[in-house]
Amino acid sequence: MAVIEFDQTKSRDLVLIGRVTIDFNPNELNRTLDRVETFSMYLGGSPGNMAVGVNKLGKNVGFIGCVSNDQFGTFILNYFKERKIDISQMVRAQHGENLGLTFTEISSPTDSQILMYRNGVADLQISPQDVSEKYIADSKILLVSGTALAASPSREACLLAVQYAKKHGVKVIFDIDYREYTWKSKEELAIYYSLLGKMSDIIIGSREEFNLMENISEDSKIADHELADTYIAHGNQIVIIKHGKKGSIAYSADKNAYKIDSYNIKLLKSFGGGDAYGSAFVYGLLEGWSLPEALKYATAHAAMVVASHSCSNAMQTAEQIRDFIEKHKEEQVVTKLDWSEKI
Ligand SMILES: Nc1ncnc2c1ncn2[C@@H]1O[C@H](COP(=O)(O)OP(=O)(O)OP(=O)(O)O)[C@@H](O)[C@H]1O
Ligand SMILES: O=C(O)C[C@@H](O)[C@H](O)C(=O)CO
């Protein structure tokens with residue numbers, strides 16, 4: 001049974017608002033960044049990666065965002081254009097703001113880190129004037145990246161996009177997507193995260209991100225299912241709480257809870273899994289699948305991308321994910337939990 005019903009009269013499957021940036025991933029592995037000699041350049045930024053992921057899965061995707069008015073911005077626009085991701089709602093920064101750059105470090109077979117250059121970034125310049133009511137109204141899903149709430153005018157652009165979505169029956173996914181470099185204070189962040197979390201239909205985030213949203217400490221006794229209860233009471237239909245290697249839990253408003261484990265693969269880098277997970281999950285929802293089926297695709301896609309060198313270029317087709325699941329069919333990755341069970 002489909003978990004979420006979409007308005008099938010809407011022509012676009014997904015519109016995302018947030019950052020598209022560039023990742024420079026090291027070609028020399030298992031060493032710290034100071035010892036790397038060469039990097040490969042890829043499109044990056046969590047919502048940018050997800051746009052690529054959902055497009056690769058055959059869905060109709062548009063992006064609302066701001067890129068630099070230079071060759072890096074051109075790289076992004078061309079990358080999207082070549083894949084038919086709609087760039088009609090993308091603008092160029094007017095005052096010399098830079099594209100966000102991320103240098104990544106793959107320091108060992110189990111550890112990787114990201115180093116972000118985000119001073120004066122173009123993506124936070126997207127403004128309410130750049131958000132078209134008609135464009136949002138024509139989409140089945142609006143996905144908002146939490147990092148886009150970090151500063152004005154991007155913050156107001158997101159809030160306006162969500163208002164339009166709610167007015168026109170567009171489902172809102174809030175990907176908390178915390179990136180520490182961008183925020184001024186934890187108090188400010190909690191205000192905007194919780195505001196969005198009360199307006200969305202689906203929330204996806206790590207337990208650390210939920211703690212930030214609730215402004216509670218890491219050793220808080222509040223259990224995952226209590227967080228899910230809170231956000232379901234505010235109208236969310238699905239709440240997904242990720243626990244890194246321990247897996248994740250998905251709670252639905254009809255009081256079902258599922259534990260999602262990871263597939264066994266040889267990890268290459270630890271970032272990008274969340275974007276692949278999100279892309280395949282959105283695909284499953286759009287296909288009208290049950291929650292466990294969508295979650296199985298999500299975790300398989302995540303495994304495939306964390307085993308690859310890039311995030312965006314490594315996004316997979318539905319057939320490739322199906323083959324992966326078939327090859328790993330002895331691994332049971334989605335199990336039903338009691339509502340208050342812990343992982
Ligand atoms: N070592 C691993 N092996 C297999 N799958 C993994 C591994 N690490 C992560 N994943 C998959 O990637 C998913 C997302 O990872 P994680 O919880 O790190 O998300 P995230 O922090 O949002 O990632 P991102 O770096 O994309 O923002 C996990 O739920 C899991 O399915
Ligand atoms: O999300 C970012 O801005 C950095 C990414 O580009 C990087 O690929 C990553 O962390 C994926 O989520």
# chains A, B, ... in the order shown; residues from 1 in each chain; ligands from 1

$ select_by_dssp --residues "stretch 139-341 of chain A" --states "strand (DSSP E or B)" --output "tab-separated table (two decimals) with C-alpha atoms, in the first residue's frame"
chain	number	residue	atom	x	y	z
A	139	SER	CA	5.33	19.70	-8.29
A	140	LYS	CA	4.37	16.60	-6.31
A	141	ILE	CA	7.13	17.04	-3.71
A	142	LEU	CA	9.13	20.00	-2.39
A	143	LEU	CA	12.37	18.98	-0.63
A	144	VAL	CA	13.95	21.57	1.65
A	145	SER	CA	17.54	21.22	2.83
A	171	LYS	CA	4.17	17.21	-0.04
A	172	VAL	CA	7.07	18.73	1.88
A	173	ILE	CA	10.17	16.71	2.78
A	174	PHE	CA	12.48	18.31	5.32
A	175	ASP	CA	16.01	16.91	5.12
A	202	ILE	CA	8.28	13.85	6.05
A	203	ILE	CA	11.41	14.52	8.13
A	204	ILE	CA	14.73	12.79	7.53
A	205	GLY	CA	17.68	13.36	9.84
A	206	SER	CA	20.30	11.78	12.03
A	238	ILE	CA	6.92	9.79	8.16
A	239	VAL	CA	9.84	10.49	10.51
A	240	ILE	CA	13.19	8.87	9.75
A	241	ILE	CA	15.91	8.96	12.42
A	242	LYS	CA	19.39	7.81	11.33
A	248	SER	CA	17.99	3.96	11.00
A	249	ILE	CA	14.35	3.82	12.12
A	250	ALA	CA	11.35	4.95	10.09
A	251	TYR	CA	8.14	5.82	11.91
A	252	SER	CA	4.86	6.36	10.09
A	257	ALA	CA	8.04	1.46	12.89
A	258	TYR	CA	10.80	-0.19	10.82
A	259	LYS	CA	14.47	-0.70	11.54
A	260	ILE	CA	16.75	-0.35	8.52
A	334	VAL	CA	14.30	-3.96	6.90
A	335	THR	CA	12.53	-5.35	9.98
A	336	LYS	CA	9.35	-4.32	11.75
A	337	LEU	CA	9.82	-2.94	15.27

$ residues_near_ligand --ligand "ligand 2" --cutoff "6 Å" --atoms "only C-alpha atoms and all ligand atoms" --output "list of chain:residue names"
A:Asp23, A:Gly44, A:Gly45, A:Ser46, A:Thr102, A:Phe271, A:Gly272, A:Asp275, A:Cys311

$ write_last_selection --atoms "N, CA and C atoms" --output "PDB file, in the first residue's frame"
ATOM      1  N   ASP A  23      32.288  19.119  -5.096  1.00  0.00           N
ATOM      2  CA  ASP A  23      33.121  18.273  -4.234  1.00  0.00           C
ATOM      3  C   ASP A  23      34.453  18.032  -4.948  1.00  0.00           C
ATOM      4  N   GLY A  44      28.352  18.520  -6.210  1.00  0.00           N
ATOM      5  CA  GLY A  44      28.118  18.098  -4.834  1.00  0.00           C
ATOM      6  C   GLY A  44      27.068  18.956  -4.148  1.00  0.00           C
ATOM      7  N   GLY A  45      27.053  18.880  -2.830  1.00  0.00           N
ATOM      8  CA  GLY A  45      26.004  19.555  -2.048  1.00  0.00           C
ATOM      9  C   GLY A  45      24.860  18.573  -1.914  1.00  0.00           C
ATOM     10  N   SER A  46      24.460  18.311  -0.695  1.00  0.00           N
ATOM     11  CA  SER A  46      23.480  17.249  -0.476  1.00  0.00           C
ATOM     12  C   SER A  46      22.223  17.362  -1.365  1.00  0.00           C
ATOM     13  N   THR A 102      33.752  21.899  -1.477  1.00  0.00           N
ATOM     14  CA  THR A 102      34.006  20.939  -0.407  1.00  0.00           C
ATOM     15  C   THR A 102      35.204  20.069  -0.791  1.00  0.00           C
ATOM     16  N   PHE A 271      30.697   9.653   3.224  1.00  0.00           N
ATOM     17  CA  PHE A 271      29.694  10.686   2.899  1.00  0.00           C
ATOM     18  C   PHE A 271      28.950  10.328   1.603  1.00  0.00           C
ATOM     19  N   GLY A 272      27.775  10.931   1.477  1.00  0.00           N
ATOM     20  CA  GLY A 272      26.971  10.685   0.259  1.00  0.00           C
ATOM     21  C   GLY A 272      25.935   9.601   0.438  1.00  0.00           C
ATOM     22  N   ASP A 275      22.446  11.028   0.892  1.00  0.00           N
ATOM     23  CA  ASP A 275      21.844  11.573  -0.334  1.00  0.00           C
ATOM     24  C   ASP A 275      21.298  10.448  -1.218  1.00  0.00           C
ATOM     25  N   CYS A 311      29.695  11.235  -5.119  1.00  0.00           N
ATOM     26  CA  CYS A 311      28.290  11.127  -4.703  1.00  0.00           C
ATOM     27  C   CYS A 311      27.417  11.241  -5.957  1.00  0.00           C
TER      28      CYS A 311
END

$ closest_residue --among "A:Leu285, A:Ala148, A:Ala294, A:Leu268" --to "ligand 1" --atoms "only C-alpha atoms and all ligand atoms"
A:Leu268

$ residues_near_ligand --ligand "ligand 1" --cutoff "8 Å" --atoms "only C-alpha atoms and all ligand atoms" --output "PyMOL selection string"
chain A and resi 46+110+177+205-206+242-245+247-248+260-267+270-277+298-304+306-307

$ closest_residue --among "A:Gly235, A:Pro26, A:Gly197, A:Gly288" --to "A:Tyr42" --atoms "only C-alpha atoms"
A:Pro26

$ residues_around --residues "A:Leu189" --least-positions-apart "4" --cutoff "8 Å" --atoms "only C-alpha atoms" --output "list in words"
Ala150, Trp183, Lys184, Ser185, Tyr193, Leu212 and Met213 of chain A

$ write_last_selection --atoms "N, CA and C atoms" --output "PDB file, in the first residue's frame"
ATOM      1  N   ALA A 150      19.957  28.566   7.016  1.00  0.00           N
ATOM      2  CA  ALA A 150      20.983  29.140   7.890  1.00  0.00           C
ATOM      3  C   ALA A 150      21.064  30.659   7.827  1.00  0.00           C
ATOM      4  N   TRP A 183      26.032  27.894  10.375  1.00  0.00           N
ATOM      5  CA  TRP A 183      25.132  28.490  11.364  1.00  0.00           C
ATOM      6  C   TRP A 183      25.851  29.388  12.357  1.00  0.00           C
ATOM      7  N   LYS A 184      25.131  30.422  12.854  1.00  0.00           N
ATOM      8  CA  LYS A 184      25.731  31.355  13.827  1.00  0.00           C
ATOM      9  C   LYS A 184      25.653  30.773  15.240  1.00  0.00           C
ATOM     10  N   SER A 185      24.515  30.156  15.594  1.00  0.00           N
ATOM     11  CA  SER A 185      24.388  29.617  16.945  1.00  0.00           C
ATOM     12  C   SER A 185      23.416  28.443  16.959  1.00  0.00           C
ATOM     13  N   TYR A 193      14.973  24.987  12.427  1.00  0.00           N
ATOM     14  CA  TYR A 193      14.742  23.551  12.181  1.00  0.00           C
ATOM     15  C   TYR A 193      13.365  23.136  12.703  1.00  0.00           C
ATOM     16  N   LEU A 212      19.721  18.582  17.736  1.00  0.00           N
ATOM     17  CA  LEU A 212      19.926  20.010  17.463  1.00  0.00           C
ATOM     18  C   LEU A 212      18.585  20.708  17.256  1.00  0.00           C
ATOM     19  N   MET A 213      17.699  20.050  16.536  1.00  0.00           N
ATOM     20  CA  MET A 213      16.385  20.640  16.245  1.00  0.00           C
ATOM     21  C   MET A 213      15.609  20.883  17.549  1.00  0.00           C
TER      22      MET A 213
END

$ residues_around --residues "stretch 27-40 of chain A" --least-positions-apart "6" --cutoff "8 Å" --atoms "only C-alpha atoms" --output "PDB file with C-alpha atoms, in the first residue's frame"
ATOM      1  CA  THR A 104      37.021  15.747   1.150  1.00  0.00           C
ATOM      2  CA  GLU A 105      39.461  13.504   2.936  1.00  0.00           C
ATOM      3  CA  ILE A 106      39.425   9.718   2.805  1.00  0.00           C
ATOM      4  CA  SER A 107      41.861   9.113   5.625  1.00  0.00           C
ATOM      5  CA  SER A 108      41.435   5.363   6.159  1.00  0.00           C
ATOM      6  CA  PRO A 109      39.249   2.498   4.926  1.00  0.00           C
TER       7      PRO A 109
END

$ residues_around --residues "A:Phe63" --least-positions-apart "3" --cutoff "12 Å" --atoms "only C-alpha atoms" --output "number ranges by chain"
A: 12-20, 47-52, 54-55, 60, 66-67, 76-77, 80-81, 84-91, 123, 126, 130-132, 135-136, 139, 141-145, 161

$ select_by_dssp --residues "stretch 208-321 of chain A" --states "alpha helix (DSSP H)" --output "VMD selection string"
chain A and resid 208 to 214 224 to 233 273 to 286 291 to 306 318 to 321

$ write_last_selection --atoms "N, CA and C atoms" --output "compact mmCIF listing (two decimals), in the first residue's frame"
# COMPACT_ATOMS: atom_id res chain seq x y z
N GLU A 208 21.61 13.01 15.86
CA GLU A 208 22.30 14.26 16.27
C GLU A 208 21.53 15.46 15.74
N GLU A 209 21.05 15.34 14.51
CA GLU A 209 20.31 16.47 13.92
C GLU A 209 18.97 16.71 14.64
N PHE A 210 18.32 15.62 15.06
CA PHE A 210 17.08 15.79 15.83
C PHE A 210 17.39 16.45 17.18
N ASN A 211 18.53 16.08 17.79
CA ASN A 211 18.91 16.72 19.06
C ASN A 211 19.10 18.22 18.87
N LEU A 212 19.72 18.58 17.74
CA LEU A 212 19.93 20.01 17.46
C LEU A 212 18.58 20.71 17.26
N MET A 213 17.70 20.05 16.54
CA MET A 213 16.38 20.64 16.24
C MET A 213 15.61 20.88 17.55
N GLU A 214 15.75 19.94 18.49
CA GLU A 214 15.03 20.02 19.76
C GLU A 214 15.81 20.80 20.81
N ASP A 224 13.83 7.85 20.57
CA ASP A 224 13.49 8.13 19.17
C ASP A 224 11.98 8.18 18.94
N HIS A 225 11.27 7.19 19.52
CA HIS A 225 9.84 7.15 19.23
C HIS A 225 9.11 8.36 19.83
N GLU A 226 9.70 8.94 20.89
CA GLU A 226 9.06 10.14 21.45
C GLU A 226 9.26 11.34 20.52
N LEU A 227 10.43 11.39 19.90
CA LEU A 227 10.66 12.45 18.89
C LEU A 227 9.69 12.27 17.73
N ALA A 228 9.55 11.00 17.30
CA ALA A 228 8.63 10.71 16.19
C ALA A 228 7.21 11.13 16.58
N ASP A 229 6.80 10.79 17.82
CA ASP A 229 5.45 11.18 18.28
C ASP A 229 5.25 12.69 18.18
N THR A 230 6.27 13.44 18.61
CA THR A 230 6.17 14.90 18.58
C THR A 230 5.92 15.41 17.16
N TYR A 231 6.74 14.92 16.23
CA TYR A 231 6.64 15.47 14.87
C TYR A 231 5.45 14.89 14.10
N ILE A 232 5.03 13.71 14.44
CA ILE A 232 3.79 13.17 13.84
C ILE A 232 2.60 13.98 14.36
N ALA A 233 2.64 14.34 15.65
CA ALA A 233 1.55 15.17 16.20
C ALA A 233 1.47 16.51 15.47
N GLY A 273 26.09 8.80 1.51
CA GLY A 273 25.11 7.73 1.75
C GLY A 273 23.72 8.30 1.99
N GLY A 274 23.67 9.38 2.76
CA GLY A 274 22.39 10.00 3.09
C GLY A 274 21.67 10.51 1.84
N ASP A 275 22.45 11.03 0.89
CA ASP A 275 21.84 11.57 -0.33
C ASP A 275 21.30 10.45 -1.22
N ALA A 276 22.05 9.35 -1.27
CA ALA A 276 21.60 8.21 -2.08
C ALA A 276 20.36 7.58 -1.44
N TYR A 277 20.39 7.48 -0.12
CA TYR A 277 19.27 6.95 0.65
C TYR A 277 18.02 7.80 0.36
N GLY A 278 18.18 9.11 0.50
CA GLY A 278 17.06 10.03 0.28
C GLY A 278 16.51 9.93 -1.14
N SER A 279 17.41 9.84 -2.13
CA SER A 279 16.97 9.80 -3.54
C SER A 279 16.12 8.57 -3.81
N ALA A 280 16.62 7.41 -3.37
CA ALA A 280 15.87 6.18 -3.66
C ALA A 280 14.59 6.11 -2.83
N PHE A 281 14.63 6.71 -1.64
CA PHE A 281 13.42 6.73 -0.82
C PHE A 281 12.33 7.57 -1.50
N VAL A 282 12.71 8.74 -1.99
CA VAL A 282 11.76 9.60 -2.72
C VAL A 282 11.22 8.85 -3.95
N TYR A 283 12.11 8.16 -4.64
CA TYR A 283 11.70 7.38 -5.82
C TYR A 283 10.64 6.35 -5.42
N GLY A 284 10.90 5.62 -4.35
CA GLY A 284 9.97 4.58 -3.89
C GLY A 284 8.60 5.18 -3.55
N LEU A 285 8.63 6.34 -2.89
CA LEU A 285 7.36 6.99 -2.54
C LEU A 285 6.59 7.38 -3.80
N LEU A 286 7.33 7.94 -4.76
CA LEU A 286 6.67 8.37 -6.01
C LEU A 286 6.11 7.18 -6.79
N LEU A 291 6.21 1.35 2.65
CA LEU A 291 7.36 1.92 3.36
C LEU A 291 8.55 0.95 3.40
N PRO A 292 8.37 -0.33 3.76
CA PRO A 292 9.54 -1.23 3.80
C PRO A 292 10.23 -1.37 2.44
N GLU A 293 9.47 -1.39 1.37
CA GLU A 293 10.06 -1.54 0.04
C GLU A 293 10.90 -0.29 -0.32
N ALA A 294 10.33 0.88 -0.04
CA ALA A 294 11.06 2.12 -0.33
C ALA A 294 12.34 2.19 0.52
N LEU A 295 12.26 1.72 1.76
CA LEU A 295 13.43 1.77 2.65
C LEU A 295 14.52 0.80 2.20
N LYS A 296 14.10 -0.34 1.66
CA LYS A 296 15.08 -1.32 1.18
C LYS A 296 15.88 -0.73 -0.01
N TYR A 297 15.16 -0.07 -0.92
CA TYR A 297 15.84 0.58 -2.05
C TYR A 297 16.78 1.69 -1.55
N ALA A 298 16.29 2.43 -0.55
CA ALA A 298 17.08 3.54 -0.02
C ALA A 298 18.42 3.03 0.53
N THR A 299 18.36 1.99 1.32
CA THR A 299 19.59 1.51 1.97
C THR A 299 20.51 0.80 0.97
N ALA A 300 19.94 0.19 -0.05
CA ALA A 300 20.76 -0.43 -1.10
C ALA A 300 21.48 0.66 -1.90
N HIS A 301 20.75 1.71 -2.24
CA HIS A 301 21.36 2.80 -3.01
C HIS A 301 22.47 3.46 -2.20
N ALA A 302 22.22 3.65 -0.89
CA ALA A 302 23.23 4.25 -0.02
C ALA A 302 24.50 3.39 -0.01
N ALA A 303 24.33 2.09 0.09
CA ALA A 303 25.49 1.19 0.12
C ALA A 303 26.30 1.32 -1.17
N MET A 304 25.60 1.41 -2.30
CA MET A 304 26.30 1.50 -3.58
C MET A 304 27.09 2.81 -3.70
N VAL A 305 26.52 3.89 -3.16
CA VAL A 305 27.20 5.19 -3.30
C VAL A 305 28.36 5.32 -2.31
N VAL A 306 28.23 4.79 -1.09
CA VAL A 306 29.38 4.90 -0.17
C VAL A 306 30.53 3.97 -0.59
N ALA A 318 17.35 2.56 -11.40
CA ALA A 318 16.48 1.65 -10.63
C ALA A 318 16.89 0.20 -10.91
N GLU A 319 17.29 -0.08 -12.15
CA GLU A 319 17.68 -1.44 -12.50
C GLU A 319 18.96 -1.86 -11.76
N GLN A 320 19.91 -0.95 -11.69
CA GLN A 320 21.16 -1.27 -10.97
C GLN A 320 20.88 -1.53 -9.49
N ILE A 321 19.97 -0.75 -8.91
CA ILE A 321 19.66 -0.97 -7.49
C ILE A 321 18.96 -2.32 -7.32

$ closest_residue --among "A:Glu5, A:Ser152, A:Ile22, A:Leu43" --to "A:Met315" --atoms "only C-alpha atoms"
A:Leu43

$ closest_residue --among "A:Thr74, A:Gln163, A:Ser310, A:Ser11" --to "A:Gly62" --atoms "only C-alpha atoms"
A:Ser11

$ atom_distance --atom1 "atom CA of A:Glu133" --atom2 "atom CA of A:Arg179"
28.0 Å

$ closest_residue --among "A:Ser68, A:Asn119, A:Ser308, A:Ser220" --to "A:Gln94" --atoms "only C-alpha atoms"
A:Ser68

$ closest_residue --among "A:Leu57, A:Ile64, A:His309, A:Lys255" --to "A:Phe24" --atoms "only C-alpha atoms"
A:His309

$ decode --residues "stretch 46-144 of chain A" --atoms "C-alpha atoms" --output "PDB file, in the first residue's frame"
ATOM      1  CA  SER A  46      23.480  17.249  -0.476  1.00  0.00           C
ATOM      2  CA  PRO A  47      20.335  18.558  -2.275  1.00  0.00           C
ATOM      3  CA  GLY A  48      22.308  18.839  -5.537  1.00  0.00           C
ATOM      4  CA  ASN A  49      23.330  15.200  -5.194  1.00  0.00           C
ATOM      5  CA  MET A  50      19.729  14.230  -4.486  1.00  0.00           C
ATOM      6  CA  ALA A  51      18.479  16.057  -7.571  1.00  0.00           C
ATOM      7  CA  VAL A  52      20.947  14.004  -9.601  1.00  0.00           C
ATOM      8  CA  GLY A  53      19.919  10.809  -7.792  1.00  0.00           C
ATOM      9  CA  VAL A  54      16.186  11.175  -8.335  1.00  0.00           C
ATOM     10  CA  ASN A  55      16.761  12.213 -11.961  1.00  0.00           C
ATOM     11  CA  LYS A  56      18.936   9.122 -12.530  1.00  0.00           C
ATOM     12  CA  LEU A  57      16.012   7.063 -11.257  1.00  0.00           C
ATOM     13  CA  GLY A  58      13.942   8.462 -14.098  1.00  0.00           C
ATOM     14  CA  LYS A  59      11.916  11.130 -12.317  1.00  0.00           C
ATOM     15  CA  ASN A  60      11.193  14.658 -13.413  1.00  0.00           C
ATOM     16  CA  VAL A  61      13.248  17.021 -11.224  1.00  0.00           C
ATOM     17  CA  GLY A  62      13.663  20.789 -10.911  1.00  0.00           C
ATOM     18  CA  PHE A  63      15.946  22.845  -8.678  1.00  0.00           C
ATOM     19  CA  ILE A  64      15.551  26.244  -7.016  1.00  0.00           C
ATOM     20  CA  GLY A  65      18.997  27.596  -6.207  1.00  0.00           C
ATOM     21  CA  CYS A  66      21.676  30.208  -6.721  1.00  0.00           C
ATOM     22  CA  VAL A  67      25.120  29.499  -8.184  1.00  0.00           C
ATOM     23  CA  SER A  68      28.201  31.661  -8.703  1.00  0.00           C
ATOM     24  CA  ASN A  69      28.511  33.837 -11.770  1.00  0.00           C
ATOM     25  CA  ASP A  70      31.711  32.135 -12.922  1.00  0.00           C
ATOM     26  CA  GLN A  71      32.974  28.888 -14.430  1.00  0.00           C
ATOM     27  CA  PHE A  72      32.041  26.828 -11.349  1.00  0.00           C
ATOM     28  CA  GLY A  73      28.452  28.046 -11.641  1.00  0.00           C
ATOM     29  CA  THR A  74      28.542  27.190 -15.342  1.00  0.00           C
ATOM     30  CA  PHE A  75      29.769  23.680 -14.515  1.00  0.00           C
ATOM     31  CA  ILE A  76      26.724  23.132 -12.271  1.00  0.00           C
ATOM     32  CA  LEU A  77      24.198  24.516 -14.742  1.00  0.00           C
ATOM     33  CA  ASN A  78      25.668  22.455 -17.598  1.00  0.00           C
ATOM     34  CA  TYR A  79      25.723  19.294 -15.489  1.00  0.00           C
ATOM     35  CA  PHE A  80      22.028  19.686 -14.677  1.00  0.00           C
ATOM     36  CA  LYS A  81      21.111  20.742 -18.232  1.00  0.00           C
ATOM     37  CA  GLU A  82      22.822  17.717 -19.796  1.00  0.00           C
ATOM     38  CA  ARG A  83      20.719  15.428 -17.569  1.00  0.00           C
ATOM     39  CA  LYS A  84      17.491  17.371 -18.134  1.00  0.00           C
ATOM     40  CA  ILE A  85      17.225  18.529 -14.534  1.00  0.00           C
ATOM     41  CA  ASP A  86      15.220  21.719 -14.912  1.00  0.00           C
ATOM     42  CA  ILE A  87      17.330  24.840 -14.272  1.00  0.00           C
ATOM     43  CA  SER A  88      14.643  27.389 -15.137  1.00  0.00           C
ATOM     44  CA  GLN A  89      14.443  28.359 -11.425  1.00  0.00           C
ATOM     45  CA  MET A  90      18.191  28.725 -10.923  1.00  0.00           C
ATOM     46  CA  VAL A  91      19.855  32.108 -10.728  1.00  0.00           C
ATOM     47  CA  ARG A  92      23.422  33.443 -10.722  1.00  0.00           C
ATOM     48  CA  ALA A  93      24.794  35.378  -7.736  1.00  0.00           C
ATOM     49  CA  GLN A  94      24.875  39.138  -8.381  1.00  0.00           C
ATOM     50  CA  HIS A  95      27.593  40.347  -6.017  1.00  0.00           C
ATOM     51  CA  GLY A  96      30.519  38.045  -6.554  1.00  0.00           C
ATOM     52  CA  GLU A  97      29.400  35.334  -4.094  1.00  0.00           C
ATOM     53  CA  ASN A  98      31.282  32.064  -4.586  1.00  0.00           C
ATOM     54  CA  LEU A  99      30.079  28.579  -5.214  1.00  0.00           C
ATOM     55  CA  GLY A 100      30.460  26.416  -2.089  1.00  0.00           C
ATOM     56  CA  LEU A 101      33.471  24.110  -2.407  1.00  0.00           C
ATOM     57  CA  THR A 102      34.006  20.939  -0.407  1.00  0.00           C
ATOM     58  CA  PHE A 103      37.377  19.233  -0.171  1.00  0.00           C
ATOM     59  CA  THR A 104      37.021  15.747   1.150  1.00  0.00           C
ATOM     60  CA  GLU A 105      39.461  13.504   2.936  1.00  0.00           C
ATOM     61  CA  ILE A 106      39.425   9.718   2.805  1.00  0.00           C
ATOM     62  CA  SER A 107      41.861   9.113   5.625  1.00  0.00           C
ATOM     63  CA  SER A 108      41.435   5.363   6.159  1.00  0.00           C
ATOM     64  CA  PRO A 109      39.249   2.498   4.926  1.00  0.00           C
ATOM     65  CA  THR A 110      36.691   3.494   7.593  1.00  0.00           C
ATOM     66  CA  ASP A 111      37.109   7.253   8.059  1.00  0.00           C
ATOM     67  CA  SER A 112      36.432  10.231   5.859  1.00  0.00           C
ATOM     68  CA  GLN A 113      35.826  13.883   6.567  1.00  0.00           C
ATOM     69  CA  ILE A 114      34.629  16.929   4.676  1.00  0.00           C
ATOM     70  CA  LEU A 115      36.191  20.395   4.701  1.00  0.00           C
ATOM     71  CA  MET A 116      33.806  23.042   3.407  1.00  0.00           C
ATOM     72  CA  TYR A 117      34.560  26.482   1.983  1.00  0.00           C
ATOM     73  CA  ARG A 118      31.335  28.386   2.578  1.00  0.00           C
ATOM     74  CA  ASN A 119      32.237  32.022   3.262  1.00  0.00           C
ATOM     75  CA  GLY A 120      30.069  34.311   1.140  1.00  0.00           C
ATOM     76  CA  VAL A 121      28.438  31.408  -0.655  1.00  0.00           C
ATOM     77  CA  ALA A 122      26.111  31.856  -3.599  1.00  0.00           C
ATOM     78  CA  ASP A 123      23.575  29.240  -2.491  1.00  0.00           C
ATOM     79  CA  LEU A 124      22.445  31.310   0.516  1.00  0.00           C
ATOM     80  CA  GLN A 125      21.594  34.174  -1.863  1.00  0.00           C
ATOM     81  CA  ILE A 126      18.468  32.529  -3.265  1.00  0.00           C
ATOM     82  CA  SER A 127      15.674  34.923  -2.318  1.00  0.00           C
ATOM     83  CA  PRO A 128      11.851  34.917  -2.021  1.00  0.00           C
ATOM     84  CA  GLN A 129      11.668  36.822  -5.324  1.00  0.00           C
ATOM     85  CA  ASP A 130      13.234  33.774  -7.006  1.00  0.00           C
ATOM     86  CA  VAL A 131      10.481  31.412  -5.813  1.00  0.00           C
ATOM     87  CA  SER A 132       7.571  30.910  -8.212  1.00  0.00           C
ATOM     88  CA  GLU A 133       4.236  29.880  -6.735  1.00  0.00           C
ATOM     89  CA  LYS A 134       3.192  28.229  -9.989  1.00  0.00           C
ATOM     90  CA  TYR A 135       6.379  26.191 -10.198  1.00  0.00           C
ATOM     91  CA  ILE A 136       5.928  24.817  -6.675  1.00  0.00           C
ATOM     92  CA  ALA A 137       2.218  24.205  -7.285  1.00  0.00           C
ATOM     93  CA  ASP A 138       3.096  22.077 -10.337  1.00  0.00           C
ATOM     94  CA  SER A 139       5.329  19.704  -8.290  1.00  0.00           C
ATOM     95  CA  LYS A 140       4.366  16.596  -6.309  1.00  0.00           C
ATOM     96  CA  ILE A 141       7.131  17.039  -3.710  1.00  0.00           C
ATOM     97  CA  LEU A 142       9.134  19.999  -2.389  1.00  0.00           C
ATOM     98  CA  LEU A 143      12.366  18.975  -0.634  1.00  0.00           C
ATOM     99  CA  VAL A 144      13.947  21.572   1.648  1.00  0.00           C
TER     100      VAL A 144
END
